[in-house]
file final.cif (mmCIF, C-alpha atoms)
data_model
#
loop_
_atom_site.label_atom_id
_atom_site.label_comp_id
_atom_site.auth_asym_id
_atom_site.auth_seq_id
_atom_site.Cartn_x
_atom_site.Cartn_y
_atom_site.Cartn_z
CA MET A 1 103.82 88.81 103.04
CA THR A 2 101.51 90.04 100.34
CA ASP A 3 99.87 87.71 97.84
CA TRP A 4 101.51 88.42 94.50
CA SER A 5 100.12 85.26 92.83
CA VAL A 6 98.34 87.50 90.31
CA LEU A 7 101.75 87.52 88.56
CA GLY A 8 101.09 83.93 87.48
CA THR A 9 104.24 81.82 87.11
CA LEU A 10 106.57 84.69 88.02
CA GLN A 11 108.35 84.93 91.35
CA ALA A 12 108.09 88.41 92.83
CA VAL A 13 110.25 90.14 95.40
CA PRO A 14 109.59 93.36 97.30
CA ALA A 15 109.89 96.13 94.70
CA LEU A 16 112.34 98.21 96.71
CA ASP A 17 114.71 95.21 96.84
CA ARG A 18 115.16 95.46 93.05
CA PRO A 19 115.38 99.15 92.06
CA ASP A 20 117.06 97.98 88.83
CA LEU A 21 113.62 96.67 87.79
CA LEU A 22 111.90 100.03 88.32
CA GLY A 23 111.66 103.18 86.27
CA GLU A 24 113.35 106.09 88.08
CA PRO A 25 110.07 107.93 88.89
CA VAL A 26 108.59 104.66 90.18
CA ALA A 27 111.57 103.92 92.45
CA HIS A 28 111.47 107.48 93.79
CA ALA A 29 107.70 107.29 94.48
CA LEU A 30 107.96 103.90 96.20
CA LYS A 31 110.70 105.22 98.49
CA ALA A 32 108.40 108.14 99.39
CA LEU A 33 105.51 105.84 100.40
CA ASP A 34 104.95 104.73 103.95
CA PRO A 35 107.31 101.70 104.35
CA ALA A 36 104.36 99.43 105.21
CA ASP A 37 102.64 100.41 101.94
CA ALA A 38 105.85 100.09 99.87
CA ALA A 39 106.27 96.56 101.26
CA LEU A 40 102.93 95.60 99.67
CA VAL A 41 104.36 96.17 96.17
CA GLY A 42 106.11 93.24 94.49
CA VAL A 43 108.17 93.26 91.30
CA ALA A 44 109.01 90.48 88.87
CA GLU A 45 111.35 90.58 85.89
CA ILE A 46 109.81 89.79 82.50
CA ASP A 47 110.86 89.60 78.88
CA PRO A 48 110.49 93.23 77.64
CA GLY A 49 109.01 91.89 74.41
CA LEU A 50 106.09 90.53 76.45
CA ALA A 51 105.22 93.78 78.26
CA ASP A 52 101.93 94.31 76.42
CA THR A 53 99.13 93.04 78.64
CA ALA A 54 97.69 90.26 76.46
CA GLN A 55 101.13 88.84 75.65
CA PHE A 56 102.24 89.12 79.28
CA CYS A 57 99.15 87.33 80.59
CA ALA A 58 99.45 84.52 78.03
CA ALA A 59 103.17 84.00 78.58
CA TYR A 60 103.13 84.04 82.38
CA SER A 61 99.67 82.59 83.14
CA SER A 62 98.55 85.82 84.77
CA PRO A 63 94.78 86.37 84.70
CA LEU A 64 93.72 89.11 82.29
CA ASP A 65 91.14 90.35 84.80
CA GLY A 66 93.96 90.71 87.34
CA SER A 67 95.87 93.20 85.18
CA ALA A 68 95.26 96.93 85.25
CA ASN A 69 96.31 99.22 82.44
CA CYS A 70 97.44 102.78 83.04
CA VAL A 71 96.64 105.17 80.20
CA VAL A 72 97.62 108.82 79.95
CA VAL A 73 94.86 111.13 78.77
CA ALA A 74 95.24 114.69 77.49
CA GLY A 75 92.23 116.94 77.94
CA ARG A 76 92.05 120.24 76.05
CA ARG A 77 90.00 123.38 76.48
CA GLY A 78 91.22 126.16 74.21
CA GLU A 79 94.99 126.46 74.56
CA ASP A 80 95.01 124.68 77.94
CA THR A 81 96.00 120.99 78.06
CA ARG A 82 95.55 118.97 81.25
CA TYR A 83 96.80 115.45 81.79
CA ALA A 84 95.50 112.59 83.88
CA ALA A 85 96.30 108.92 84.25
CA CYS A 86 93.54 106.32 84.31
CA LEU A 87 93.92 102.89 85.88
CA VAL A 88 91.36 100.38 84.60
CA LEU A 89 91.19 96.59 84.45
CA ALA A 90 92.66 95.19 81.24
CA THR A 91 89.26 93.68 80.40
CA THR A 92 87.81 97.21 80.12
CA ARG A 93 88.54 100.53 78.42
CA ALA A 94 88.70 103.92 80.11
CA ASP A 95 85.71 106.18 79.43
CA VAL A 96 87.94 108.92 77.99
CA ASN A 97 85.28 110.95 76.19
CA GLY A 98 82.79 110.80 79.05
CA LEU A 99 83.99 110.60 82.65
CA VAL A 100 87.63 111.55 82.04
CA ARG A 101 86.80 114.51 79.79
CA LYS A 102 84.37 115.84 82.40
CA ARG A 103 86.81 115.28 85.27
CA LEU A 104 89.46 117.28 83.38
CA ASN A 105 86.92 119.99 82.52
CA ALA A 106 87.99 119.60 78.91
CA ARG A 107 86.15 120.19 75.67
CA LYS A 108 88.08 117.34 74.05
CA ALA A 109 89.97 114.40 75.57
CA SER A 110 92.06 111.69 73.95
CA PHE A 111 94.94 109.37 74.70
CA ALA A 112 98.10 111.45 74.99
CA PRO A 113 100.53 110.96 72.09
CA MET A 114 103.12 108.30 72.94
CA ASP A 115 106.07 110.73 72.81
CA ASP A 116 104.30 113.15 75.18
CA ALA A 117 103.34 110.41 77.62
CA VAL A 118 106.90 109.07 77.73
CA GLU A 119 108.50 112.50 78.08
CA LEU A 120 106.08 113.77 80.73
CA THR A 121 106.13 110.63 82.90
CA GLY A 122 109.80 109.72 82.50
CA MET A 123 108.68 106.12 81.93
CA GLU A 124 109.00 103.72 79.00
CA TYR A 125 106.06 103.28 76.65
CA GLY A 126 104.44 99.97 77.60
CA GLY A 127 105.61 100.39 81.20
CA ILE A 128 103.83 103.62 82.16
CA THR A 129 102.22 103.10 85.53
CA ALA A 130 100.20 104.70 88.31
CA ILE A 131 103.14 104.94 90.71
CA GLY A 132 105.43 107.93 90.19
CA LEU A 133 103.23 110.11 88.01
CA PRO A 134 104.06 113.81 87.66
CA ASP A 135 103.00 116.03 90.56
CA GLY A 136 99.54 117.47 90.16
CA TRP A 137 98.25 114.80 87.78
CA PRO A 138 94.98 113.19 88.83
CA LEU A 139 95.10 109.40 88.96
CA LEU A 140 91.61 108.13 88.17
CA VAL A 141 91.24 104.59 89.50
CA ASP A 142 88.27 102.49 88.41
CA SER A 143 86.34 101.15 91.40
CA ALA A 144 86.87 97.58 90.11
CA VAL A 145 90.65 98.10 90.37
CA ALA A 146 90.31 99.53 93.87
CA ALA A 147 88.25 96.50 94.94
CA ALA A 148 90.64 93.90 93.49
CA PRO A 149 92.65 91.84 96.00
CA ALA A 150 95.71 92.37 93.78
CA VAL A 151 96.47 93.78 90.35
CA VAL A 152 99.42 93.67 87.97
CA ILE A 153 100.58 97.06 86.69
CA GLY A 154 103.59 98.44 84.88
CA SER A 155 106.85 99.30 86.60
CA GLY A 156 108.00 102.28 84.54
CA ILE A 157 110.06 99.99 82.29
CA ARG A 158 109.10 97.19 79.90
CA GLY A 159 111.31 94.61 81.64
CA SER A 160 109.21 94.05 84.76
CA LYS A 161 105.73 94.18 86.27
CA LEU A 162 104.47 95.20 89.69
CA ALA A 163 101.78 93.54 91.81
CA LEU A 164 99.93 95.37 94.57
CA PRO A 165 96.57 95.37 96.34
CA GLY A 166 93.90 97.36 94.53
CA GLU A 167 93.18 99.31 97.70
CA LEU A 168 96.77 100.59 97.67
CA ALA A 169 96.36 101.78 94.08
CA ALA A 170 93.33 103.73 95.29
CA ARG A 171 95.47 105.45 97.95
CA LEU A 172 98.36 106.51 95.71
CA PRO A 173 99.13 110.25 95.51
CA GLY A 174 96.50 112.05 93.43
CA ALA A 175 94.25 108.98 93.28
CA GLU A 176 90.51 109.31 93.01
CA VAL A 177 88.28 106.23 92.77
CA VAL A 178 85.73 106.61 89.96
CA ASP A 179 82.75 104.29 89.51
CA GLY A 180 82.25 103.27 85.88
CA LEU A 181 85.61 104.55 84.64
CA GLY A 182 86.33 101.22 83.01
CA ARG A 183 83.70 100.12 80.49
#
call {"tool": "encode", "arguments": {"input": "final.cif", "output": "structure tokens"}}
result
Amino acid sequence: MTDWSVLGTLQAVPALDRPDLLGEPVAHALKALDPADAALVGVAEIDPGLADTAQFCAAYSSPLDGSANCVVVAGRRGEDTRYAACLVLATTRADVNGLVRKRLNARKASFAPMDDAVELTGMEYGGITAIGLPDGWPLLVDSAVAAAPAVVIGSGIRGSKLALPGELAARLPGAEVVDGLGR
């Protein structure tokens, strides 16, 4: 059994045992993983009003440095817009205008507008996560996330959180570990 204690006071179960607690793209992506990898992902139900990282950590005694935030970035060059997701520890911020902009070969990069991020991912705002991203999107994973024994991430909905080993996050489809992504 995997150590999901990073979820604090919450009791987790294997994520695939509770598809009702997963966004549709997340459930689909977990089913597509190797079963041994999918078994490493736990899910716990939370109050949707406490989905934001700081509130979640305070309410459920989850360590802030054990949470990883997934942000959607839009990079533009002329008329072309490219998207990427960045997974960084909650105690840091993604280097959007440096590393991410360069990785997307964009002239300008910024957080994607909320409506675009929700529509493109098929996930709820506040629950957007690294599992189940659109095909072709790079998933930039900060090396500190990849090295973490376990991290808490979104589940595609605001009513639950996932826990998984950082090394699994680094092996998700499209993932690329980037040193210094989180600053």
call {"tool": "atom_distance", "arguments": {"input": "final.cif", "atom1": "CA of Arg82 (chain A)", "atom2": "CA of Val141 (chain A)"}}
result
17.1 Å
call {"tool": "axis_aligned_box", "arguments": {"input": "final.cif", "around": "region 83-88 of chain A", "padding_each_side": "5 Å", "output": "JSON"}}
result
{"center_x": 94.1, "center_y": 107.9, "center_z": 83.8, "size_x": 15.4, "size_y": 25.1, "size_z": 14.1}
call {"tool": "closest_residue", "arguments": {"input": "final.cif", "among": "A:Ala163, A:Ile153, A:Leu181, A:Ala68", "to": "Ala39 (chain A)", "atoms": "only C-alpha atoms"}}
result
A:Ala163
call {"tool": "residues_around", "arguments": {"input": "final.cif", "residues": "Met114 (chain A)", "least_positions_apart": "3", "cutoff": "9 Å", "atoms": "all atoms listed in the file", "output": "count of residues only"}}
result
6
call {"tool": "atom_distance", "arguments": {"input": "final.cif", "atom1": "CA of Gly78 (chain A)", "atom2": "CA of Leu120 (chain A)"}}
result
20.4 Å
call {"tool": "residues_around", "arguments": {"input": "final.cif", "residues": "region 16-30 of chain A", "least_positions_apart": "5", "cutoff": "7 Å", "atoms": "only C-alpha atoms", "output": "ChimeraX atom specification"}}
result
/A:38,45,122-123,131-132,155-157,159-160
call {"tool": "closest_residue", "arguments": {"input": "final.cif", "among": "A:Gly98, A:Gly174, A:Gly42, A:Pro113", "to": "Leu140 (chain A)", "atoms": "only C-alpha atoms"}}
result
A:Gly174
call {"tool": "residues_around", "arguments": {"input": "final.cif", "residues": "region 3-12 of chain A", "least_positions_apart": "2", "cutoff": "6 Å", "atoms": "only C-alpha atoms", "output": "PDB file with C-alpha atoms, in the coordinates of the input"}}
result
ATOM      1  CA  GLY A  42     106.110  93.240  94.490  1.00  0.00           C
ATOM      2  CA  VAL A  43     108.170  93.260  91.300  1.00  0.00           C
ATOM      3  CA  ALA A  44     109.010  90.480  88.870  1.00  0.00           C
ATOM      4  CA  TYR A  60     103.130  84.040  82.380  1.00  0.00           C
ATOM      5  CA  SER A  61      99.670  82.590  83.140  1.00  0.00           C
ATOM      6  CA  SER A  62      98.550  85.820  84.770  1.00  0.00           C
ATOM      7  CA  ALA A 163     101.780  93.540  91.810  1.00  0.00           C
TER       8      ALA A 163
END
call {"tool": "decode", "arguments": {"input": "final.cif", "residues": "region 49-166 of chain A", "atoms": "C-alpha atoms", "output": "compact mmCIF listing (two decimals), in the first residue's frame"}}
result
# COMPACT_ATOMS: atom_id res chain seq x y z
CA GLY A 49 -15.18 25.02 -0.52
CA LEU A 50 -11.75 24.02 0.81
CA ALA A 51 -10.20 23.03 -2.54
CA ASP A 52 -7.79 25.98 -2.67
CA THR A 53 -4.41 24.78 -1.44
CA ALA A 54 -3.93 26.99 1.63
CA GLN A 55 -7.46 26.34 2.90
CA PHE A 56 -7.17 22.61 2.18
CA CYS A 57 -3.86 22.30 4.03
CA ALA A 58 -5.14 24.22 7.06
CA ALA A 59 -8.42 22.32 7.27
CA TYR A 60 -6.99 18.82 6.86
CA SER A 61 -3.53 19.19 8.45
CA SER A 62 -1.81 18.46 5.15
CA PRO A 63 1.69 19.94 4.86
CA LEU A 64 1.86 22.88 2.45
CA ASP A 65 5.21 21.63 1.13
CA GLY A 66 3.51 18.31 0.33
CA SER A 67 1.02 19.91 -2.04
CA ALA A 68 1.69 20.50 -5.72
CA ASN A 69 -0.25 23.00 -7.78
CA CYS A 70 -1.00 22.45 -11.45
CA VAL A 71 -1.22 25.65 -13.48
CA VAL A 72 -2.14 25.96 -17.14
CA VAL A 73 0.05 28.31 -19.13
CA ALA A 74 -0.68 29.78 -22.57
CA GLY A 75 2.34 30.71 -24.65
CA ARG A 76 1.91 32.91 -27.72
CA ARG A 77 4.05 33.61 -30.75
CA GLY A 78 2.15 35.61 -33.36
CA GLU A 79 -1.22 33.96 -33.95
CA ASP A 80 -0.06 30.62 -32.51
CA THR A 81 -1.03 29.72 -28.93
CA ARG A 82 0.51 26.69 -27.21
CA TYR A 83 -0.55 25.32 -23.86
CA ALA A 84 1.36 23.52 -21.14
CA ALA A 85 0.65 22.46 -17.58
CA CYS A 86 3.19 23.09 -14.83
CA LEU A 87 3.32 21.09 -11.61
CA VAL A 88 5.17 22.91 -8.82
CA LEU A 89 5.19 22.66 -5.04
CA ALA A 90 2.61 24.94 -3.42
CA THR A 91 5.43 26.77 -1.61
CA THR A 92 6.78 27.96 -4.99
CA ARG A 93 5.56 29.66 -8.16
CA ALA A 94 6.10 28.44 -11.71
CA ASP A 95 8.69 30.41 -13.69
CA VAL A 96 6.16 31.25 -16.41
CA ASN A 97 8.04 34.12 -18.07
CA GLY A 98 11.39 32.34 -18.05
CA LEU A 99 11.58 28.56 -18.29
CA VAL A 100 7.98 27.93 -19.41
CA ARG A 101 8.01 30.65 -22.07
CA LYS A 102 11.26 29.27 -23.50
CA ARG A 103 10.02 25.66 -23.39
CA LEU A 104 6.91 26.71 -25.35
CA ASN A 105 9.03 28.73 -27.79
CA ALA A 106 6.71 31.65 -27.11
CA ARG A 107 7.25 35.37 -27.25
CA LYS A 108 4.80 35.85 -24.38
CA ALA A 109 3.52 33.42 -21.74
CA SER A 110 0.92 33.84 -19.02
CA PHE A 111 -1.54 31.84 -16.99
CA ALA A 112 -4.33 30.69 -19.28
CA PRO A 113 -7.66 32.44 -18.66
CA MET A 114 -9.83 30.42 -16.28
CA ASP A 115 -12.56 29.76 -18.87
CA ASP A 116 -9.99 28.49 -21.40
CA ALA A 117 -8.27 26.25 -18.86
CA VAL A 118 -11.59 24.72 -17.77
CA GLU A 119 -12.86 24.22 -21.32
CA LEU A 120 -9.61 22.78 -22.69
CA THR A 121 -8.94 20.38 -19.79
CA GLY A 122 -12.53 19.34 -19.09
CA MET A 123 -11.79 19.84 -15.38
CA GLU A 124 -13.20 22.15 -12.73
CA TYR A 125 -11.33 25.33 -11.86
CA GLY A 126 -9.57 24.65 -8.56
CA GLY A 127 -9.34 20.95 -9.42
CA ILE A 128 -7.25 21.07 -12.61
CA THR A 129 -4.54 18.47 -12.33
CA ALA A 130 -1.60 16.81 -14.06
CA ILE A 131 -3.46 13.56 -14.74
CA GLY A 132 -5.71 13.57 -17.80
CA LEU A 133 -4.40 16.64 -19.59
CA PRO A 134 -5.21 17.10 -23.29
CA ASP A 135 -3.11 15.05 -25.72
CA GLY A 136 0.00 16.83 -26.88
CA TRP A 137 0.27 19.18 -23.90
CA PRO A 138 3.65 19.19 -22.20
CA LEU A 139 3.50 18.59 -18.46
CA LEU A 140 6.43 20.42 -16.89
CA VAL A 141 7.17 18.91 -13.49
CA ASP A 142 9.49 20.74 -11.10
CA SER A 143 12.34 18.51 -9.94
CA ALA A 144 11.29 19.09 -6.30
CA VAL A 145 7.88 17.55 -7.09
CA ALA A 146 9.50 14.60 -8.84
CA ALA A 147 11.74 13.99 -5.81
CA ALA A 148 8.92 14.17 -3.24
CA PRO A 149 7.91 10.88 -1.57
CA ALA A 150 4.27 11.91 -2.08
CA VAL A 151 2.34 14.98 -3.18
CA VAL A 152 -1.27 16.11 -3.03
CA ILE A 153 -2.74 17.27 -6.33
CA GLY A 154 -6.16 18.04 -7.72
CA SER A 155 -8.55 15.37 -8.96
CA GLY A 156 -10.30 17.21 -11.79
CA ILE A 157 -13.09 18.29 -9.42
CA ARG A 158 -13.14 20.52 -6.34
CA GLY A 159 -14.62 17.81 -4.10
CA SER A 160 -11.55 15.61 -3.72
CA LYS A 161 -7.75 15.47 -3.77
CA LEU A 162 -5.31 12.88 -5.05
CA ALA A 163 -2.07 11.69 -3.43
CA LEU A 164 0.70 10.01 -5.41
CA PRO A 165 4.47 9.58 -5.37
CA GLY A 166 6.35 12.45 -6.99
